[in-house]
Structure formats: C-alpha cells, structure tokens
Amino acid sequence: MRLRQKKILTAYVFLSVPLLFFIVVRFYPMVYSFWLSFTDWDLISPKKNFIGLLNYINIFKDEVFMKAIVNTLKYVVFGVPAVIIVSLYLSLVLNRIKKFQGFYRLLYVMPYITPLVAVSWVWKWMYQQPPIGFINNLLTIFGIDSQPFLMSTSQALPSIVVTTVWVNLGYCVIIFLAGLQTIPQEYIEAAKIDGANRRQILWRITIPLLNPIIVFLAITQSITFLRIFTQVYNMTDQGSGGPLNSTKPLVLYIYQKAFMSFDMGTAATATVILFGIIMVITLVQMLILNKNIEY
Amino acid sequence: MIKRDRLLTVSAYIFLTIFAVLMVFPFIWMFSSSFKDSGEIYEFNLFPKYPTLYNYQYIFNYSLFPRWFLNSLLIAMITTISVLFFDSLIGYTLAKFDFPGRKLIFILILSTLMIPTEMLVIPWYIMVRNLHWMGTYWSIMFPGMISAFGIFLMKQFMSTIPNDLIDAARIDGVSEFGIYFKIVLPLVKPALATLAIFNFIGNWNAFLWPLIVTSSPEMYTLPVGVAYFSSENSMSWELIMTGAAVSTVPLIIFFLIFQKQIVKGITMSGLKG
C-alpha cells in the first residue's frame with residue numbers, strides 16, 4: 001500500500017508543471033476568448049463592458065467579415081479536393097515504381113517543411129507582371145496573354161490556393177504511400193486471378209481500403225485551409241488580403257481586428273466562430289474514423 | 001503483357017519526373033535569383049550569366065539577418081529541449097503510472113489539440129502585456145514549451161515498454177526519476193528524434209505568434225524578418241530571394257540529414273496507433 005501511495009504521489013509531482021501549463025496557457029485563454037467575445041473591449045480602456053451577443057449579431061452584418069468567411073470557404077472548397085486528388089494520383093504512380101521512390105518522395109515533401117514565408121515570397125515573385133514574373137514570361141513564350149494573377153480580384157485567391165496546394169502535396173503523398181503499403185498484396189493478386197483489370201482494382205479494392213486515410217486527410221487539410229494566413233499576409237500588398245479583400249481569410253480578419261484596430265471583442269468573436277467550425281469538423285472526423293482509433 | 005508493363009513503368013517515371021521539376025522549380029528559381037545582380041534579375045535566365053555573391057554579402061553585413069538567424073536558432077532549440085523533456089515525462093507518467101484521474105488528464109491534454117492557436121493569441125497577447133514580457137524571447141517561446149501531440153506520441157511509444165523492466169529497476173533501488181531518465185528515455189530515442197525534428201521545424205517556421213509579439217526588428221525571428229525585409233525592399237527582388245534562400249538553406253540541410261525521420265514522423269502524425 002505504501003509503495004502504491006508513493007507512486008501516485010510521484011505521478012502527481014511529475015505532472016504538476018505540465019498541468020499548470022495546460023491550465024494557464026491553453027484552457028484559461030480559451031475561456032478568456034469566449035468571455036472577450038461578449039465584451040466591447042478596445043485594449044486601451046480599463047473597463048470591459050459586457051454586451052451579450054451584440055458582437056455575434058454585428059459581425060454577421062460586417063461586410064468584410066462575410067467576405068472573409070466566403071473566402072475561407074473558397075480556400076477549403078478549391079484547395080482540399082485539389083490537394084487530395086493530385087496527391088492520391090501521385091502516390092498511386094509512385095507506388096508502382098521500384099527505384100527512386102524515396103528520392104521522388106523527398107522532392108515532393110520539400111515545400112512542406114520550408115518556411116511558408118519564404119515560399120510565399122518566391123511565389124509572389126513568380127506571379128509578378130512581365131518582364132519580372134516567371135509564369136507570365138512562360139505564358140508569353142507559348143503565345144498566351146500575360147495574366148494579372150495576384151493583382152486581380154478574381155485570380156488572386158486561386159493563385160494563393162495553387163501555392164498552398166503545392167506546399168501541402170508532399171505531406172499527403174507520404175500519408176497515402178504509407179496507406180498503400182499496408183494494403184495486403186494478396187487482395188490485388190486474388191483480384192487479378194479473378195480477371196479484374198487495373199481500373200477495377202483501383203476502384204473496387206485500393207480506394208475503398210484507402211477510405212479512412214482519405215477521410216483523415218480531407219479533414220486535416222480542411223483545417224489547414226481554414227487556418228490559412230501566412231501566405232495571404234505575405235503575398236498580398238501590405239498584408240491586406242487584397243485586392244479589395246478578395247483574398248482575405250478569417251485568420252487575417254482576426255489579426256487585423258485584434259492587432260491593427262484593437263477591436264478585441266469582435267476579434268475574439270471571430271476566433272470563437274473559427275473554433276466552432278474546427279470543432280465540428282474534428283467531431284465529424286472522430287465519428288467517421290472512430291473504428292480506427294484505439295487508445 | 002510484359003511490354004505493356006514496361007511502357008507503364010517508363011511513363012510513370014516520366015510523369016513523376018515532370019512533377020518533381022514542378023515541385024523543385026520554385027527553389028531553383030529562388031537560388032538562381034539570389035546570385036543575380038539588380039540588373040539581371042529582370043532577365044529570364046534560369047542561370048545567372050554573371051553570378052555574384054553581392055546579395056549574400058549585403059544580407060549578412062547590412063541587414064539584421066544574422067541576428068534573426070540567431071533568434072530563430074535560440075528559440076527553436078530551447079523550445080525543442082523543453083518539449084522533449086516535458087512531453088516524455090508526461091508521456092511516461094501517463095503510460096506507466098496508475099493513479100486516479102489518469103484517463104481524465106490524458107483526455108484533457110488531447111482535447112487541447114482541438115483549440116486553434118488563433119483563439120489563444122489574443123489572451124496570450126494580453127498576458128504578455130500585463131506581465132511586461134513584451135519584446136523578450138520568453139514571450140515568443142512560452143506557448144510552445146509543451147506540446148499535446150508530443151505527449152500523445154510519447155505515451156503511445158512508452159506503453160510498449162515492458163513493465164517488468166521498470167519494476168526490476170525499481171527493485172534495484174533506482175529512483176523514479178532515474179528510471180525515467182536512464183531506462184525509459186534511451187528506449188524511445190527514435191520517437192524523441194522525430195518529436196525533436198518536428199518541433200524544431202515548427203518553431204523555425206512559426207509566423208503568426210512571433211509576428212504579434214515582436215515589436216522591434218532586433219527581436220524578429222527569421223520568418224518575421226523575411227516578411228519585414230521583403231516588404232521594405234519590395235523593389236529589390238534579388239535581395240528578397242536571397243533572404244528567402246537564407247531562411248530555407250538551414251532547413252534543406254536539416255532535411256537532408258533527417259529525411260528518414262521526417263518521413264517517419266509525417267507517417268506517424270497521420271496514422272496513429
């Protein structure tokens with residue numbers, strides 16, 4: 001009995017500092033953000049006035065916020081399917097070859113670990129107008145008119161999506177490859193003996209068996225695209241999310257409200273909304289993938 | 001049939017190579033531009049005709065890049081050491097000690113993975129202001145000193161260590177902390193390496209929080225410095241590309257050394273259990 005008590009005490013001693021950390025640096029700030037979202041605090045005045053749900057009502061009347069929400073959804077809707085389909089295809093081809101597999105995988109994953117700020121500026125430069133921009137120079141060679149890319153309200157957001165897909169592709173390829181390598185070869189051999197062709201094997205065996213991974217990636221990539229910030233901050237003029245707010249995502253809206261206009265109440269409200277969206281997505285993931293999670 | 005297989009393999013290599021070029025091209029363009037002078041930068045040459053090291057000399061002698069470099073290195077190193085220590089200790093405690101509240105504590109820690117950083121930065125900023133930490137390294141580092149994902153990873157790995165091993169050490173009179181430090185830690189070295197690499201990269205690349213909390217250029221981390229430097233010099237693309245290259249080179253070296261672990265780490269992050 002004494003040994004057991006000693007062990008319990010040791011456990012609590014080991015856990016004391018980290019628990020304090022999680023309470024002070026994670027849970028308390030979360031609650032604080034919730035509370036701030038019910039106030040009109042402007043960072044300077046000493047008093048935080050409780051205004052109930054007013055921030056939540058007003059934020060949906062804010063055109064910029066609505067624009068940011070729509071943009072954020074566009075990032076997710078364009079970006080996530082693109083990154084998943086391309087990486088799935090790449091990993092299927094990559095899985096077919098025997099030599100240099102690791103080498104290709106390495107090249108594909110490089111953008112993922114590179115500082116996003118550096119990536120953003122390189123791409124911003126490649127998107128520039130002629131004679132500076134590489135992509136426009138290339139288009140001219142093929143006789144295509146040069147495009148405004150980041151300068152245009154309709155092309156800027158897709159341009160940023162392309163960069164983000166380029167960044168996240170390698171991560172998804174690695175996950176897919178790991179999944180492909182767990183598929184028992186016997187299944188495929190058996191199907192071949194039964195006379196299944198490549199297409200049938202792909203659609204009836206490989207993709208259904210990859211389903212949990214597809215769901216996992218769809219959800220984690222959705223969260224990644226929902227939290228888009230660094231690219232937009234660095235690729236648009238003065239980090240404004242322009243032109244005319246056409247690329248501004250939710251997180252940039254939060255950043256500007258909180259740290260440029262010091263409207264802490266509204267900014268906190270937007271963070272609560274972001275949290276709500278992410279929580280719903282995470283819960284959906286847990287429900288769908290529940291069978292595969294074992295603690 | 002065999003002929004068709006060979007054709008497929010060849011076309012696979014061609015396809016993969018084209019994609020590899022697309023993936024690597026922005027890096028090549030960045031590096032080649034960093035060796036161009038301010039005149040040639042507007043020319044459409046893949047390789048500079050008159051390569052120059054001027055941009056690098058400028059960056060290292062007349063900008064704060066060396067300072068930002070050291071800031072980032074210091075911050076990434078200290079947070080990584082802290083994460084390794086705390087995460088392994090918590091992971092060990094949760095995996096190998098039986099005490100009331102164990103499950104609850106584990107679930108509470110895991111649940112923090114759901115909270116987006118964006119929701120926490122405003123309260124963190126207010127904390128930093130109230131405690132007068134503004135403009136210190138500590139203010140950049142403190143939110144990342146312990147990582148919930150690392151705890152999860154460590155607990156999973158440490159669960160596989162046989163209890164007999166730990167009990168035997170206990171009978172031999174090794175202290176509880178001694179068991180953790182001398183017996184358990186060496187057994188999970190691969191997991192520690194993975195965690196270290198991911199934390200280092202994550203902190204090296206972090207942008208939003210360092211941007212919020214650093215007010216003077218001397219305290220910028222490398223990413224914040226690159227962003228600041230680039231918007232200040234938005235006409236000198238050769239300098240911007242050099243700055244971007246300087247922030248990328250250490251990672252590429254790091255990546256080449258630890259590529260196996262990085263791939264393993266990504267796989268682990270995706271396919272838990």
# chains A, B, ... in the order shown; residues from 1 in each chain; ligands from 1
$ residues_around --residues "range 109-117 of chain B" --least-positions-apart "3" --cutoff "6 Å" --atoms "only C-alpha atoms" --output "list in words"
Phe106, Leu120 and Ala148 of chain B
$ residues_around --residues "Gly91 in chain B" --least-positions-apart "3" --cutoff "12 Å" --atoms "only C-alpha atoms" --output "MDAnalysis selection string"
(chainID A and resid 11 14:15 18) or (chainID B and resid 83:88 94:97 102 105:106 109:110 146:160 180 184:185 188 191:192)
$ residues_around --residues "Val10 in chain B" --least-positions-apart "6" --cutoff "10 Å" --atoms "only C-alpha atoms" --output "VMD selection string"
(chain A and resid 97) or (chain B and resid 4 16)
$ write_last_selection --atoms "C-alpha atoms" --output "CSV table (one decimal), in the first residue's frame"
chain,number,residue,atom,x,y,z
A,97,ILE,CA,7.8,2.2,-59.4
B,4,ARG,CA,2.9,-3.1,-71.6
B,16,LEU,CA,7.0,11.6,-61.7
$ atom_distance --atom1 "CA of Trp121 in chain A" --atom2 "CA of Ser91 in chain A"
28.2 Å
$ closest_residue --among "B:Tyr92, B:Phe47, B:Tyr54, B:Tyr62" --to "chain A" --atoms "only C-alpha atoms"
B:Tyr92
$ closest_residue --among "A:Lys248, A:Lys74, A:Arg204, A:Arg2" --to "Thr236 in chain A" --atoms "only C-alpha atoms"
A:Lys248
$ closest_residue --among "B:Phe254, B:Phe31, B:Phe19, B:Tyr42" --to "chain A" --atoms "only C-alpha atoms"
B:Tyr42
$ decode --residues "range 7-122 of chain B" --atoms "C-alpha atoms" --output "PDB file, in the first residue's frame"
ATOM      1  CA  LEU B   7       5.720   1.040 -71.002  1.00  0.00           C
ATOM      2  CA  LEU B   8       3.669   1.861 -67.913  1.00  0.00           C
ATOM      3  CA  THR B   9       6.768   1.962 -65.758  1.00  0.00           C
ATOM      4  CA  VAL B  10       8.575   4.277 -68.153  1.00  0.00           C
ATOM      5  CA  SER B  11       5.608   6.629 -68.358  1.00  0.00           C
ATOM      6  CA  ALA B  12       5.371   6.572 -64.562  1.00  0.00           C
ATOM      7  CA  TYR B  13       8.977   7.736 -64.290  1.00  0.00           C
ATOM      8  CA  ILE B  14       8.373  10.464 -66.855  1.00  0.00           C
ATOM      9  CA  PHE B  15       5.250  11.674 -65.064  1.00  0.00           C
ATOM     10  CA  LEU B  16       6.955  11.623 -61.669  1.00  0.00           C
ATOM     11  CA  THR B  17       9.938  13.499 -63.025  1.00  0.00           C
ATOM     12  CA  ILE B  18       7.798  16.236 -64.550  1.00  0.00           C
ATOM     13  CA  PHE B  19       6.058  16.635 -61.220  1.00  0.00           C
ATOM     14  CA  ALA B  20       9.352  16.643 -59.368  1.00  0.00           C
ATOM     15  CA  VAL B  21      10.525  19.513 -61.562  1.00  0.00           C
ATOM     16  CA  LEU B  22       7.322  21.437 -60.778  1.00  0.00           C
ATOM     17  CA  MET B  23       7.870  20.857 -57.076  1.00  0.00           C
ATOM     18  CA  VAL B  24      11.512  21.866 -57.063  1.00  0.00           C
ATOM     19  CA  PHE B  25      11.437  24.638 -59.626  1.00  0.00           C
ATOM     20  CA  PRO B  26      10.492  27.492 -57.241  1.00  0.00           C
ATOM     21  CA  PHE B  27      13.524  26.570 -55.117  1.00  0.00           C
ATOM     22  CA  ILE B  28      15.831  26.569 -58.134  1.00  0.00           C
ATOM     23  CA  TRP B  29      14.433  29.909 -59.260  1.00  0.00           C
ATOM     24  CA  MET B  30      14.909  31.325 -55.762  1.00  0.00           C
ATOM     25  CA  PHE B  31      18.536  30.204 -55.514  1.00  0.00           C
ATOM     26  CA  SER B  32      19.485  31.202 -59.037  1.00  0.00           C
ATOM     27  CA  SER B  33      17.959  34.650 -58.497  1.00  0.00           C
ATOM     28  CA  SER B  34      19.877  35.140 -55.306  1.00  0.00           C
ATOM     29  CA  PHE B  35      23.077  35.084 -57.399  1.00  0.00           C
ATOM     30  CA  LYS B  36      21.843  37.674 -59.894  1.00  0.00           C
ATOM     31  CA  ASP B  37      22.594  41.388 -59.720  1.00  0.00           C
ATOM     32  CA  SER B  38      19.930  44.061 -59.714  1.00  0.00           C
ATOM     33  CA  GLY B  39      20.087  44.366 -63.491  1.00  0.00           C
ATOM     34  CA  GLU B  40      19.956  40.736 -64.454  1.00  0.00           C
ATOM     35  CA  ILE B  41      17.135  39.997 -62.049  1.00  0.00           C
ATOM     36  CA  TYR B  42      14.655  41.193 -64.670  1.00  0.00           C
ATOM     37  CA  GLU B  43      16.021  38.835 -67.255  1.00  0.00           C
ATOM     38  CA  PHE B  44      14.511  35.472 -67.938  1.00  0.00           C
ATOM     39  CA  ASN B  45      17.676  33.413 -67.356  1.00  0.00           C
ATOM     40  CA  LEU B  46      17.444  30.255 -65.364  1.00  0.00           C
ATOM     41  CA  PHE B  47      21.142  30.501 -64.537  1.00  0.00           C
ATOM     42  CA  PRO B  48      22.758  33.880 -63.962  1.00  0.00           C
ATOM     43  CA  LYS B  49      25.247  34.936 -66.650  1.00  0.00           C
ATOM     44  CA  TYR B  50      27.292  36.920 -64.155  1.00  0.00           C
ATOM     45  CA  PRO B  51      26.789  35.198 -60.813  1.00  0.00           C
ATOM     46  CA  THR B  52      27.543  37.404 -57.845  1.00  0.00           C
ATOM     47  CA  LEU B  53      27.714  36.913 -54.089  1.00  0.00           C
ATOM     48  CA  TYR B  54      26.862  40.569 -53.531  1.00  0.00           C
ATOM     49  CA  ASN B  55      23.328  39.835 -52.289  1.00  0.00           C
ATOM     50  CA  TYR B  56      24.615  37.458 -49.648  1.00  0.00           C
ATOM     51  CA  GLN B  57      27.288  39.937 -48.565  1.00  0.00           C
ATOM     52  CA  TYR B  58      24.628  42.620 -48.290  1.00  0.00           C
ATOM     53  CA  ILE B  59      22.296  40.416 -46.282  1.00  0.00           C
ATOM     54  CA  PHE B  60      24.997  39.372 -43.842  1.00  0.00           C
ATOM     55  CA  ASN B  61      26.664  42.760 -43.475  1.00  0.00           C
ATOM     56  CA  TYR B  62      23.954  45.374 -43.830  1.00  0.00           C
ATOM     57  CA  SER B  63      20.791  43.769 -42.561  1.00  0.00           C
ATOM     58  CA  LEU B  64      19.579  42.142 -39.360  1.00  0.00           C
ATOM     59  CA  PHE B  65      19.526  38.679 -40.945  1.00  0.00           C
ATOM     60  CA  PRO B  66      22.365  37.281 -38.799  1.00  0.00           C
ATOM     61  CA  ARG B  67      20.546  38.454 -35.698  1.00  0.00           C
ATOM     62  CA  TRP B  68      17.212  36.957 -36.872  1.00  0.00           C
ATOM     63  CA  PHE B  69      19.013  33.754 -37.669  1.00  0.00           C
ATOM     64  CA  LEU B  70      20.366  33.528 -34.110  1.00  0.00           C
ATOM     65  CA  ASN B  71      16.984  34.464 -32.629  1.00  0.00           C
ATOM     66  CA  SER B  72      15.291  31.659 -34.526  1.00  0.00           C
ATOM     67  CA  LEU B  73      18.007  29.174 -33.672  1.00  0.00           C
ATOM     68  CA  LEU B  74      17.852  30.021 -29.971  1.00  0.00           C
ATOM     69  CA  ILE B  75      14.054  29.911 -29.816  1.00  0.00           C
ATOM     70  CA  ALA B  76      13.751  26.681 -31.798  1.00  0.00           C
ATOM     71  CA  MET B  77      16.437  24.994 -29.709  1.00  0.00           C
ATOM     72  CA  ILE B  78      15.142  25.990 -26.288  1.00  0.00           C
ATOM     73  CA  THR B  79      11.502  25.147 -27.059  1.00  0.00           C
ATOM     74  CA  THR B  80      12.546  21.811 -28.533  1.00  0.00           C
ATOM     75  CA  ILE B  81      14.541  20.862 -25.434  1.00  0.00           C
ATOM     76  CA  SER B  82      11.641  21.870 -23.229  1.00  0.00           C
ATOM     77  CA  VAL B  83       9.124  19.909 -25.306  1.00  0.00           C
ATOM     78  CA  LEU B  84      11.351  16.814 -25.288  1.00  0.00           C
ATOM     79  CA  PHE B  85      11.741  16.926 -21.535  1.00  0.00           C
ATOM     80  CA  PHE B  86       8.156  17.642 -20.531  1.00  0.00           C
ATOM     81  CA  ASP B  87       6.425  15.569 -23.193  1.00  0.00           C
ATOM     82  CA  SER B  88       8.475  12.482 -22.455  1.00  0.00           C
ATOM     83  CA  LEU B  89       7.985  12.905 -18.708  1.00  0.00           C
ATOM     84  CA  ILE B  90       4.218  13.325 -19.057  1.00  0.00           C
ATOM     85  CA  GLY B  91       4.021  10.552 -21.641  1.00  0.00           C
ATOM     86  CA  TYR B  92       5.899   8.241 -19.283  1.00  0.00           C
ATOM     87  CA  THR B  93       3.723   9.130 -16.315  1.00  0.00           C
ATOM     88  CA  LEU B  94       0.523   8.599 -18.295  1.00  0.00           C
ATOM     89  CA  ALA B  95       1.749   5.322 -19.769  1.00  0.00           C
ATOM     90  CA  LYS B  96       3.304   3.681 -16.741  1.00  0.00           C
ATOM     91  CA  PHE B  97       1.756   5.054 -13.565  1.00  0.00           C
ATOM     92  CA  ASP B  98      -1.609   4.037 -12.229  1.00  0.00           C
ATOM     93  CA  PHE B  99      -3.217   6.928 -10.376  1.00  0.00           C
ATOM     94  CA  PRO B 100      -6.676   8.422 -10.002  1.00  0.00           C
ATOM     95  CA  GLY B 101      -7.519  10.851 -12.790  1.00  0.00           C
ATOM     96  CA  ARG B 102      -5.095   9.360 -15.299  1.00  0.00           C
ATOM     97  CA  LYS B 103      -7.633   8.944 -18.085  1.00  0.00           C
ATOM     98  CA  LEU B 104      -9.210  12.320 -17.430  1.00  0.00           C
ATOM     99  CA  ILE B 105      -5.852  14.099 -17.576  1.00  0.00           C
ATOM    100  CA  PHE B 106      -4.945  12.351 -20.821  1.00  0.00           C
ATOM    101  CA  ILE B 107      -8.269  13.282 -22.418  1.00  0.00           C
ATOM    102  CA  LEU B 108      -7.975  16.889 -21.224  1.00  0.00           C
ATOM    103  CA  ILE B 109      -4.487  17.166 -22.727  1.00  0.00           C
ATOM    104  CA  LEU B 110      -5.612  15.621 -26.024  1.00  0.00           C
ATOM    105  CA  SER B 111      -8.653  17.865 -26.179  1.00  0.00           C
ATOM    106  CA  THR B 112      -6.381  20.922 -26.388  1.00  0.00           C
ATOM    107  CA  LEU B 113      -5.374  19.725 -29.866  1.00  0.00           C
ATOM    108  CA  MET B 114      -8.781  20.926 -30.993  1.00  0.00           C
ATOM    109  CA  ILE B 115      -8.204  24.518 -29.865  1.00  0.00           C
ATOM    110  CA  PRO B 116      -6.822  26.568 -32.753  1.00  0.00           C
ATOM    111  CA  THR B 117      -3.863  28.802 -31.869  1.00  0.00           C
ATOM    112  CA  GLU B 118      -5.779  31.714 -33.360  1.00  0.00           C
ATOM    113  CA  MET B 119      -8.225  31.534 -30.476  1.00  0.00           C
ATOM    114  CA  LEU B 120      -5.434  31.745 -27.921  1.00  0.00           C
ATOM    115  CA  VAL B 121      -3.271  34.528 -29.355  1.00  0.00           C
ATOM    116  CA  ILE B 122      -5.436  37.398 -28.098  1.00  0.00           C
TER     117      ILE B 122
END
